$ cat data.cif   # mmCIF, C-alpha atoms
data_target
loop_
_atom_site.label_atom_id
_atom_site.label_comp_id
_atom_site.auth_asym_id
_atom_site.auth_seq_id
_atom_site.Cartn_x
_atom_site.Cartn_y
_atom_site.Cartn_z
CA MET A 97 -48.50 -18.68 -50.64
CA ALA A 98 -44.91 -18.86 -51.84
CA GLU A 99 -44.36 -18.42 -55.56
CA LYS A 100 -43.28 -21.57 -57.34
CA VAL A 101 -39.57 -21.78 -58.08
CA TYR A 102 -38.69 -23.13 -61.51
CA PRO A 103 -35.39 -24.84 -62.33
CA ARG A 104 -32.82 -23.00 -64.38
CA LEU A 105 -31.67 -25.53 -66.98
CA ILE A 106 -31.96 -26.61 -70.59
CA TYR A 107 -34.18 -29.61 -71.32
CA LEU A 108 -32.49 -31.36 -74.22
CA PRO A 109 -34.50 -32.77 -77.13
CA PRO A 110 -34.69 -36.55 -77.64
CA VAL A 111 -31.59 -38.39 -78.80
CA GLY A 112 -31.07 -37.93 -82.50
CA ARG A 113 -32.65 -34.48 -82.71
CA PRO A 114 -30.12 -31.88 -83.92
CA ARG A 115 -28.66 -29.74 -81.16
CA TRP A 116 -25.30 -28.58 -79.76
CA LEU A 117 -23.88 -27.78 -76.33
CA PRO A 118 -20.30 -26.71 -75.58
CA GLU A 119 -18.29 -29.34 -73.73
CA ASN A 120 -16.83 -26.60 -71.57
CA PRO A 121 -19.25 -23.64 -71.34
CA GLU A 122 -16.62 -21.34 -69.84
CA GLY A 123 -15.54 -18.80 -72.40
CA TRP A 124 -18.49 -19.44 -74.71
CA ASP A 125 -21.09 -16.79 -75.41
CA LEU A 126 -23.19 -19.32 -77.32
CA LEU A 127 -24.51 -21.77 -74.72
CA TYR A 128 -26.93 -23.82 -76.81
CA LEU A 129 -27.87 -24.28 -80.44
CA SER A 130 -30.61 -26.38 -82.02
CA TRP A 131 -32.44 -26.74 -85.32
CA GLY A 132 -34.86 -29.09 -87.05
CA HIS A 133 -38.23 -30.67 -86.26
CA ARG A 134 -39.72 -31.19 -82.83
CA TRP A 135 -42.75 -33.14 -81.58
CA PHE A 136 -43.63 -31.31 -78.38
CA ALA A 137 -46.80 -33.38 -77.78
CA GLU A 138 -44.72 -36.54 -77.46
CA ASN A 139 -41.74 -34.79 -75.89
CA PRO A 140 -43.00 -31.69 -74.06
CA ILE A 141 -40.55 -29.31 -72.43
CA PRO A 142 -41.44 -28.52 -68.79
CA ILE A 143 -41.56 -24.93 -67.62
CA ALA A 144 -38.05 -23.75 -66.73
CA MET A 145 -35.70 -20.78 -66.93
CA HIS A 146 -32.32 -20.52 -68.65
CA ASP A 147 -28.93 -19.09 -67.85
CA GLY A 148 -28.90 -17.17 -71.10
CA TRP A 149 -31.05 -15.19 -73.52
CA VAL A 150 -33.11 -17.42 -75.79
CA TYR A 151 -33.64 -16.58 -79.46
CA MET A 152 -36.15 -18.79 -81.26
CA ALA A 153 -37.61 -18.84 -84.76
CA VAL A 154 -40.64 -21.01 -85.59
CA LEU A 155 -40.29 -22.03 -89.23
CA GLU A 156 -43.13 -24.58 -89.36
CA GLY A 157 -46.08 -25.50 -87.17
CA THR A 158 -47.76 -23.68 -84.28
CA PRO A 159 -46.28 -24.98 -81.01
CA GLN A 160 -47.84 -23.95 -77.73
CA LEU A 161 -45.80 -21.78 -75.39
CA THR A 162 -46.66 -22.30 -71.72
CA THR A 163 -45.74 -19.87 -68.96
CA LYS A 164 -46.88 -19.50 -65.37
CA ASN A 165 -49.50 -17.05 -66.63
CA GLY A 166 -51.05 -19.31 -69.26
CA SER A 167 -50.52 -20.68 -72.78
CA GLN A 168 -50.59 -19.37 -76.32
CA ARG A 169 -49.99 -20.71 -79.81
CA ILE A 170 -46.93 -19.32 -81.57
CA PRO A 171 -47.71 -18.84 -85.28
CA THR A 172 -45.47 -20.07 -88.06
CA GLY A 173 -42.89 -17.45 -88.99
CA SER A 174 -42.66 -15.97 -85.50
CA VAL A 175 -39.41 -14.97 -83.83
CA MET A 176 -39.02 -14.72 -80.06
CA ILE A 177 -36.45 -13.36 -77.63
CA ILE A 178 -36.90 -14.64 -74.08
CA HIS A 179 -35.41 -13.12 -70.93
CA PRO A 180 -33.32 -15.50 -68.74
CA ASP A 181 -35.77 -15.00 -65.85
CA CYS A 182 -38.81 -15.93 -67.93
CA ALA A 183 -40.03 -19.43 -67.01
CA TYR A 184 -41.60 -21.19 -69.98
CA GLY A 185 -42.10 -24.56 -71.63
CA TRP A 186 -43.43 -26.11 -74.84
CA THR A 187 -46.20 -28.52 -75.79
CA ASP A 188 -48.32 -29.20 -78.87
CA LYS A 189 -51.31 -31.10 -80.22
CA PRO A 190 -50.87 -34.88 -80.63
CA LEU A 191 -48.94 -35.92 -83.76
CA LYS A 192 -48.25 -32.30 -84.64
CA ARG A 193 -44.70 -31.25 -85.37
CA CYS A 194 -42.93 -27.93 -85.68
CA LYS A 195 -39.61 -26.79 -87.07
CA ILE A 196 -37.61 -24.38 -84.95
CA LEU A 197 -34.24 -22.69 -84.66
CA THR A 198 -32.90 -21.93 -81.20
CA TRP A 199 -29.93 -20.00 -79.87
CA VAL A 200 -29.12 -19.43 -76.20
CA TRP A 201 -26.57 -16.64 -75.66
CA ARG A 202 -24.85 -15.83 -72.40
CA THR A 203 -24.92 -12.07 -72.98
CA ALA A 204 -27.92 -9.82 -73.50
CA PRO A 205 -29.00 -8.59 -76.96
CA LEU A 206 -26.74 -5.84 -78.23
CA HIS A 207 -29.61 -3.39 -78.79
CA SER A 208 -31.69 -2.38 -75.79
CA ALA A 209 -34.92 -2.60 -77.82
CA LEU A 210 -34.29 -6.33 -78.21
CA GLN A 211 -34.09 -6.89 -74.46
CA PRO A 212 -37.44 -7.98 -72.99
CA LEU A 213 -38.27 -7.01 -69.45
CA PRO A 214 -37.34 -9.47 -66.67
CA ALA A 215 -39.54 -12.57 -66.73
CA LYS A 216 -40.95 -11.48 -70.12
CA TYR A 217 -40.41 -12.21 -73.80
CA LEU A 218 -40.71 -10.43 -77.12
CA ILE A 219 -42.48 -11.89 -80.13
CA PHE A 220 -42.62 -10.48 -83.64
CA LYS A 221 -43.11 -11.74 -87.18
CA PRO A 222 -40.53 -10.88 -89.85
CA ASP A 223 -40.86 -11.32 -93.59
CA ARG A 224 -39.73 -14.40 -95.49
CA VAL A 225 -36.43 -12.85 -96.56
CA THR A 226 -35.51 -12.24 -92.92
CA LEU A 227 -36.51 -15.77 -91.94
CA ARG A 228 -34.26 -17.18 -94.65
CA HIS A 229 -31.46 -15.02 -93.33
CA LEU A 230 -32.01 -16.42 -89.83
CA VAL A 231 -31.75 -19.94 -91.27
CA THR A 232 -28.41 -18.97 -92.82
CA ILE A 233 -27.15 -17.52 -89.53
CA ASN A 234 -28.12 -20.70 -87.69
CA ALA A 235 -26.38 -22.86 -90.31
CA ASN A 236 -23.25 -20.71 -90.05
CA CYS A 237 -23.25 -21.17 -86.27
CA VAL A 238 -23.60 -24.94 -86.69
CA ARG A 239 -20.62 -24.96 -89.03
CA GLU A 240 -18.45 -22.91 -86.70
CA VAL A 241 -19.12 -24.90 -83.50
CA ALA A 242 -17.99 -28.05 -85.31
CA PHE A 243 -14.40 -26.72 -85.15
CA PRO A 244 -14.16 -24.61 -81.97
CA ASP A 245 -10.91 -22.75 -82.61
CA LYS A 246 -10.11 -19.03 -82.31
CA ILE A 247 -11.49 -18.32 -85.77
CA ALA A 248 -14.75 -20.03 -84.81
CA PHE A 249 -15.10 -17.79 -81.75
CA LEU A 250 -14.59 -14.70 -83.92
CA SER A 251 -17.05 -15.99 -86.49
CA LEU A 252 -19.69 -16.66 -83.82
CA GLN A 253 -19.31 -13.07 -82.63
CA LYS A 254 -19.93 -11.95 -86.18
CA GLU A 255 -23.02 -14.15 -86.44
CA ARG A 256 -24.30 -12.73 -83.16
CA PHE A 257 -23.88 -9.20 -84.47
CA ASP A 258 -25.63 -10.17 -87.68
CA LEU A 259 -28.47 -11.80 -85.75
CA ASP A 260 -29.07 -8.76 -83.54
CA ILE A 261 -28.82 -6.31 -86.44
CA CYS A 262 -31.32 -8.40 -88.40
CA LEU A 263 -33.81 -8.51 -85.53
CA ALA A 264 -33.29 -4.85 -84.60
CA ARG A 265 -34.34 -3.90 -88.11
CA ILE A 266 -37.46 -6.04 -87.75
CA MET A 267 -38.28 -4.23 -84.52
CA GLY A 268 -37.96 -0.89 -86.29
CA CYS A 269 -35.06 0.28 -84.12
CA ARG A 270 -33.68 2.30 -87.01
CA GLN A 271 -35.62 5.41 -87.94
CA THR A 272 -37.32 4.86 -91.28
CA PRO A 273 -36.35 7.56 -93.75
CA ASN A 274 -38.84 9.10 -96.18
CA ALA A 275 -36.92 7.51 -99.02
CA PRO A 276 -34.94 4.29 -99.20
CA TYR A 277 -31.27 4.32 -98.44
CA ARG A 278 -30.33 4.41 -102.13
CA MET A 279 -32.22 7.66 -102.60
CA LYS A 280 -30.52 9.10 -99.56
CA LEU A 281 -27.13 8.00 -100.91
CA ALA A 282 -27.93 9.51 -104.30
CA ILE A 283 -28.71 12.92 -102.82
CA GLU A 284 -25.61 12.75 -100.66
CA PHE A 285 -23.51 11.90 -103.72
CA LEU A 286 -24.86 14.90 -105.64
CA ARG A 287 -24.23 17.19 -102.67
CA ASN A 288 -20.63 16.03 -102.37
CA ASN A 289 -19.89 16.01 -106.11
CA PRO A 290 -21.46 19.13 -107.64
CA MET A 291 -18.77 19.35 -110.36
CA GLU A 292 -19.51 15.87 -111.74
CA ARG A 293 -20.17 16.27 -115.48
CA ASP A 294 -21.87 12.90 -115.96
CA PRO A 295 -23.87 12.53 -112.73
CA ILE A 296 -26.35 9.95 -114.06
CA ARG A 297 -23.67 7.46 -115.03
CA ARG A 298 -21.72 8.12 -111.84
CA LEU A 299 -24.86 7.60 -109.74
CA CYS A 300 -25.47 4.22 -111.39
CA GLU A 301 -21.90 3.23 -110.62
CA TYR A 302 -22.06 4.57 -107.07
CA LEU A 303 -25.38 2.89 -106.23
CA GLN A 304 -24.50 -0.27 -108.21
CA ILE A 305 -27.77 -0.24 -110.13
CA SER A 306 -28.75 0.01 -113.80
CA ALA A 307 -29.92 3.19 -115.52
CA THR A 308 -33.46 1.76 -115.59
CA ALA A 309 -33.38 1.04 -111.84
CA LEU A 310 -32.08 4.57 -111.19
CA LYS A 311 -34.91 6.01 -113.26
CA ASP A 312 -37.49 3.97 -111.34
CA LEU A 313 -35.94 5.04 -108.02
CA PHE A 314 -36.19 8.76 -108.82
CA HIS A 315 -39.67 8.52 -110.34
CA LYS A 316 -40.96 6.70 -107.26
CA HIS A 317 -39.42 8.90 -104.58
CA ALA A 318 -38.86 12.25 -106.30
CA GLY A 319 -41.53 12.27 -109.00
CA LYS A 320 -38.93 13.15 -111.62
CA SER A 321 -36.41 11.47 -113.85
CA PRO A 322 -32.79 11.51 -112.61
CA LYS A 323 -31.93 14.08 -115.30
CA GLN A 324 -34.78 16.38 -114.25
CA PHE A 325 -33.89 16.00 -110.58
CA VAL A 326 -30.20 16.79 -111.15
CA LEU A 327 -31.06 19.81 -113.31
CA ARG A 328 -33.46 21.24 -110.70
CA TRP A 329 -30.99 20.58 -107.91
CA ARG A 330 -28.16 22.31 -109.82
CA MET A 331 -30.26 25.31 -110.80
CA GLN A 332 -31.54 25.84 -107.26
CA MET A 333 -27.99 25.56 -105.93
CA ALA A 334 -26.79 28.03 -108.56
CA ARG A 335 -29.49 30.59 -107.71
CA THR A 336 -28.66 30.32 -103.99
CA LYS A 337 -24.98 30.86 -104.69
CA LEU A 338 -25.64 33.84 -106.95
CA GLU A 339 -28.11 35.51 -104.60
CA THR A 340 -25.55 35.56 -101.80
CA GLY A 341 -23.32 37.76 -103.94
CA HIS A 342 -20.17 35.93 -102.92
CA THR A 343 -19.47 34.41 -106.32
CA SER A 344 -19.75 35.13 -110.04
CA VAL A 345 -21.75 33.48 -112.82
CA LYS A 346 -18.53 32.13 -114.28
CA GLN A 347 -17.41 30.66 -110.98
CA VAL A 348 -20.80 29.05 -110.33
CA ALA A 349 -20.75 27.51 -113.81
CA TYR A 350 -17.41 25.81 -113.15
CA GLU A 351 -18.42 24.76 -109.63
CA LEU A 352 -21.42 22.93 -111.08
CA GLY A 353 -19.41 21.07 -113.71
CA TYR A 354 -20.21 23.13 -116.82
CA ARG A 355 -17.44 23.23 -119.39
CA HIS A 356 -18.27 26.79 -120.40
CA PRO A 357 -20.15 29.58 -118.57
CA HIS A 358 -22.35 30.14 -121.66
CA ASP A 359 -23.67 26.58 -121.34
CA PHE A 360 -24.61 27.28 -117.75
CA SER A 361 -26.21 30.64 -118.61
CA ARG A 362 -28.39 29.07 -121.32
CA ALA A 363 -29.48 26.26 -118.99
CA PHE A 364 -30.24 28.75 -116.20
CA LYS A 365 -32.37 31.01 -118.44
CA ARG A 366 -34.20 28.03 -119.92
CA PHE A 367 -35.02 26.77 -116.41
CA PHE A 368 -35.95 30.03 -114.64
CA GLY A 369 -36.93 32.24 -117.58
CA ALA A 370 -34.39 34.88 -116.51
CA THR A 371 -30.65 35.24 -116.89
CA ALA A 372 -28.26 34.23 -114.13
CA HIS A 373 -27.06 37.84 -113.82
CA HIS A 374 -30.49 38.89 -112.57
CA CYS A 375 -29.91 36.79 -109.46
CA LEU A 376 -26.84 38.79 -108.53
CA PRO A 377 -27.41 41.47 -105.86
CA ALA A 378 -27.16 45.22 -106.51
CA GLY A 379 -29.40 45.38 -109.55
CA GLY A 380 -28.29 42.17 -111.17
CA SER A 381 -24.89 43.52 -112.17
CA GLU A 382 -21.98 41.15 -111.78
CA LYS A 383 -19.61 44.11 -111.88
CA SER A 384 -21.45 45.83 -109.04
CA SER A 385 -21.38 42.55 -107.17
CA LYS A 386 -17.61 42.44 -107.54
CA LYS A 387 -17.37 46.07 -106.33
CA LYS A 388 -19.50 45.18 -103.33
CA ARG A 389 -17.23 42.26 -102.47
CA LEU A 390 -14.16 44.48 -102.77
CA LYS A 391 -15.81 47.11 -100.57
CA ASN A 392 -16.63 44.49 -97.94
CA ARG A 393 -13.02 43.31 -97.94
CA LYS A 394 -11.83 46.89 -97.28
#

$ encode --input "data.cif" --output "structure tokens"
Amino acid sequence: MAEKVYPRLIYLPPVGRPRWLPENPEGWDLLYLSWGHRWFAENPIPIAMHDGWVYMAVLEGTPQLTTKNGSQRIPTGSVMIIHPDCAYGWTDKPLKRCKILTWVWRTAPLHSALQPLPAKYLIFKPDRVTLRHLVTINANCVREVAFPDKIAFLSLQKERFDLDICLARIMGCRQTPNAPYRMKLAIEFLRNNPMERDPIRRLCEYLQISATALKDLFHKHAGKSPKQFVLRWRMQMARTKLETGHTSVKQVAYELGYRHPHDFSRAFKRFFGATAHHCLPAGGSEKSSKKKRLKNRK
């Protein structure tokens, strides 16, 4: 028995329901746009395929998705990406309505993880913040298609990028670090600016957060205050530098932002319980360390 062939077209909503189609589809990546409430029981959408990749967000209601393999309810807050070769339609219970956002793009999702297999679809449920962001993206697209000039085309490309980035994050395409990005940025800042004499204030400025928020960040992900973390980081870096024998206590002090080597020496002894000179090779003598470096140069 031959497999049923479904039409490849867009069934438009009833007159008066918000939607957009380009007058001349050539040159457009966005092929269809819709938003607002739908009553699929009174106006069901027959099973069909599309020429583009369908993105859909269900903001209210639980419409029923129908494919050749069966039907399922799509919960409120769900987001779907549907392959062009996936035949599907919509229906609902009598008098029930839903609120949806729909995009149909000519080109495939920019990230491979967002591309369902042929004749398949992806479904996932983002948080409320992400859903609000999708509403904003849809509204921006509606605004841009109202004046289809060159700037609008560029803006729609930007919205498409934003849409795919947003959904890729939902799908977990980015590897989740052990700490949030701000903690990662903080550590990177310290690594690149070891001579900074006021690292706490500079970190607040760099991360664009308050001193209280910085304190909470470090307590949560490092188990220490920012001051304790910076001190430990500096002391461990200092000991590593000294143990290699390629630098002096004085040089390490200046490299770590201390105004005077004595300040560094006191901080080092207070932290490790031993003087910085004991970390130097050849018996802890800075002079012998210098002789060793001179000997190596010869």

$ resolve_selection --input "data.cif" --expression "the PyMOL selection byres ((chain A and resi 159-165) around 8)" --output "PyMOL selection string"
chain A and resi 136+143+157-158+166-171+183-189+193-194

$ residues_around --input "data.cif" --residues "segment 362-375 of chain A" --least-positions-apart "6" --cutoff "12 Å" --atoms "all atoms listed in the file" --output "ChimeraX atom specification"
/A:324,327-349,352,354,356,381-385

$ atom_distance --input "data.cif" --atom1 "atom CA of Ser361 of chain A" --atom2 "atom CA of Ala318 of chain A"
25.5 Å

$ residues_around --input "data.cif" --residues "segment 218-221 of chain A" --least-positions-apart "2" --cutoff "12 Å" --atoms "only C-alpha atoms" --output "PDB file with C-alpha atoms, keeping the file's coordinate frame"
ATOM      1  CA  TRP A 149     -31.050 -15.190 -73.520  1.00  0.00           C
ATOM      2  CA  VAL A 150     -33.110 -17.420 -75.790  1.00  0.00           C
ATOM      3  CA  TYR A 151     -33.640 -16.580 -79.460  1.00  0.00           C
ATOM      4  CA  MET A 152     -36.150 -18.790 -81.260  1.00  0.00           C
ATOM      5  CA  ALA A 153     -37.610 -18.840 -84.760  1.00  0.00           C
ATOM      6  CA  VAL A 154     -40.640 -21.010 -85.590  1.00  0.00           C
ATOM      7  CA  LEU A 155     -40.290 -22.030 -89.230  1.00  0.00           C
ATOM      8  CA  LEU A 161     -45.800 -21.780 -75.390  1.00  0.00           C
ATOM      9  CA  GLN A 168     -50.590 -19.370 -76.320  1.00  0.00           C
ATOM     10  CA  ARG A 169     -49.990 -20.710 -79.810  1.00  0.00           C
ATOM     11  CA  ILE A 170     -46.930 -19.320 -81.570  1.00  0.00           C
ATOM     12  CA  PRO A 171     -47.710 -18.840 -85.280  1.00  0.00           C
ATOM     13  CA  THR A 172     -45.470 -20.070 -88.060  1.00  0.00           C
ATOM     14  CA  GLY A 173     -42.890 -17.450 -88.990  1.00  0.00           C
ATOM     15  CA  SER A 174     -42.660 -15.970 -85.500  1.00  0.00           C
ATOM     16  CA  VAL A 175     -39.410 -14.970 -83.830  1.00  0.00           C
ATOM     17  CA  MET A 176     -39.020 -14.720 -80.060  1.00  0.00           C
ATOM     18  CA  ILE A 177     -36.450 -13.360 -77.630  1.00  0.00           C
ATOM     19  CA  ILE A 178     -36.900 -14.640 -74.080  1.00  0.00           C
ATOM     20  CA  HIS A 179     -35.410 -13.120 -70.930  1.00  0.00           C
ATOM     21  CA  CYS A 182     -38.810 -15.930 -67.930  1.00  0.00           C
ATOM     22  CA  PRO A 205     -29.000  -8.590 -76.960  1.00  0.00           C
ATOM     23  CA  ALA A 209     -34.920  -2.600 -77.820  1.00  0.00           C
ATOM     24  CA  LEU A 210     -34.290  -6.330 -78.210  1.00  0.00           C
ATOM     25  CA  GLN A 211     -34.090  -6.890 -74.460  1.00  0.00           C
ATOM     26  CA  PRO A 212     -37.440  -7.980 -72.990  1.00  0.00           C
ATOM     27  CA  LEU A 213     -38.270  -7.010 -69.450  1.00  0.00           C
ATOM     28  CA  PRO A 214     -37.340  -9.470 -66.670  1.00  0.00           C
ATOM     29  CA  ALA A 215     -39.540 -12.570 -66.730  1.00  0.00           C
ATOM     30  CA  LYS A 216     -40.950 -11.480 -70.120  1.00  0.00           C
ATOM     31  CA  ASP A 223     -40.860 -11.320 -93.590  1.00  0.00           C
ATOM     32  CA  ARG A 224     -39.730 -14.400 -95.490  1.00  0.00           C
ATOM     33  CA  VAL A 225     -36.430 -12.850 -96.560  1.00  0.00           C
ATOM     34  CA  THR A 226     -35.510 -12.240 -92.920  1.00  0.00           C
ATOM     35  CA  LEU A 227     -36.510 -15.770 -91.940  1.00  0.00           C
ATOM     36  CA  LEU A 263     -33.810  -8.510 -85.530  1.00  0.00           C
ATOM     37  CA  ALA A 264     -33.290  -4.850 -84.600  1.00  0.00           C
ATOM     38  CA  ARG A 265     -34.340  -3.900 -88.110  1.00  0.00           C
ATOM     39  CA  ILE A 266     -37.460  -6.040 -87.750  1.00  0.00           C
ATOM     40  CA  MET A 267     -38.280  -4.230 -84.520  1.00  0.00           C
ATOM     41  CA  GLY A 268     -37.960  -0.890 -86.290  1.00  0.00           C
TER      42      GLY A 268
END

$ atom_distance --input "data.cif" --atom1 "atom CA of Tyr277 of chain A" --atom2 "atom CA of Glu292 of chain A"
21.2 Å

$ decode --input "data.cif" --residues "segment 142-159 of chain A" --atoms "N, CA and C atoms" --output "short mmCIF file (atom, residue, chain, number, x, y, z; two decimals), in the first residue's frame"
data_model
loop_
_atom_site.label_atom_id
_atom_site.label_comp_id
_atom_site.auth_asym_id
_atom_site.auth_seq_id
_atom_site.Cartn_x
_atom_site.Cartn_y
_atom_site.Cartn_z
N PRO A 142 -5.32 20.86 8.87
CA PRO A 142 -5.09 19.50 8.35
C PRO A 142 -3.61 19.14 8.35
N ILE A 143 -3.33 17.87 8.32
CA ILE A 143 -1.95 17.40 8.29
C ILE A 143 -1.30 17.81 6.97
N ALA A 144 -0.15 18.47 7.08
CA ALA A 144 0.58 18.94 5.89
C ALA A 144 2.04 19.12 6.25
N MET A 145 2.86 19.33 5.23
CA MET A 145 4.27 19.64 5.42
C MET A 145 4.50 21.10 5.00
N HIS A 146 5.71 21.60 5.29
CA HIS A 146 6.02 22.99 4.96
C HIS A 146 7.32 23.08 4.17
N ASP A 147 7.49 24.19 3.51
CA ASP A 147 8.73 24.41 2.76
C ASP A 147 9.87 24.85 3.65
N GLY A 148 9.57 25.20 4.87
CA GLY A 148 10.61 25.68 5.77
C GLY A 148 10.59 24.97 7.11
N TRP A 149 11.44 25.43 8.00
CA TRP A 149 11.59 24.87 9.34
C TRP A 149 10.68 25.65 10.28
N VAL A 150 9.79 24.94 10.96
CA VAL A 150 8.79 25.58 11.81
C VAL A 150 9.30 25.66 13.25
N TYR A 151 9.22 26.87 13.80
CA TYR A 151 9.48 27.09 15.22
C TYR A 151 8.14 27.49 15.84
N MET A 152 7.77 26.88 16.94
CA MET A 152 6.49 27.19 17.56
C MET A 152 6.63 27.19 19.08
N ALA A 153 6.02 28.19 19.71
CA ALA A 153 5.97 28.27 21.16
C ALA A 153 4.51 28.32 21.60
N VAL A 154 4.12 27.43 22.50
CA VAL A 154 2.76 27.40 23.03
C VAL A 154 2.75 28.17 24.35
N LEU A 155 2.16 29.34 24.33
CA LEU A 155 2.14 30.20 25.51
C LEU A 155 0.95 29.93 26.43
N GLU A 156 -0.17 29.52 25.85
CA GLU A 156 -1.37 29.19 26.62
C GLU A 156 -2.06 27.98 26.00
N GLY A 157 -2.79 27.24 26.81
CA GLY A 157 -3.55 26.11 26.31
C GLY A 157 -2.71 24.86 26.09
N THR A 158 -3.41 23.80 25.64
CA THR A 158 -2.75 22.52 25.34
C THR A 158 -3.29 21.97 24.02
N PRO A 159 -2.92 22.58 22.90
CA PRO A 159 -3.44 22.09 21.61
C PRO A 159 -2.94 20.68 21.32
#
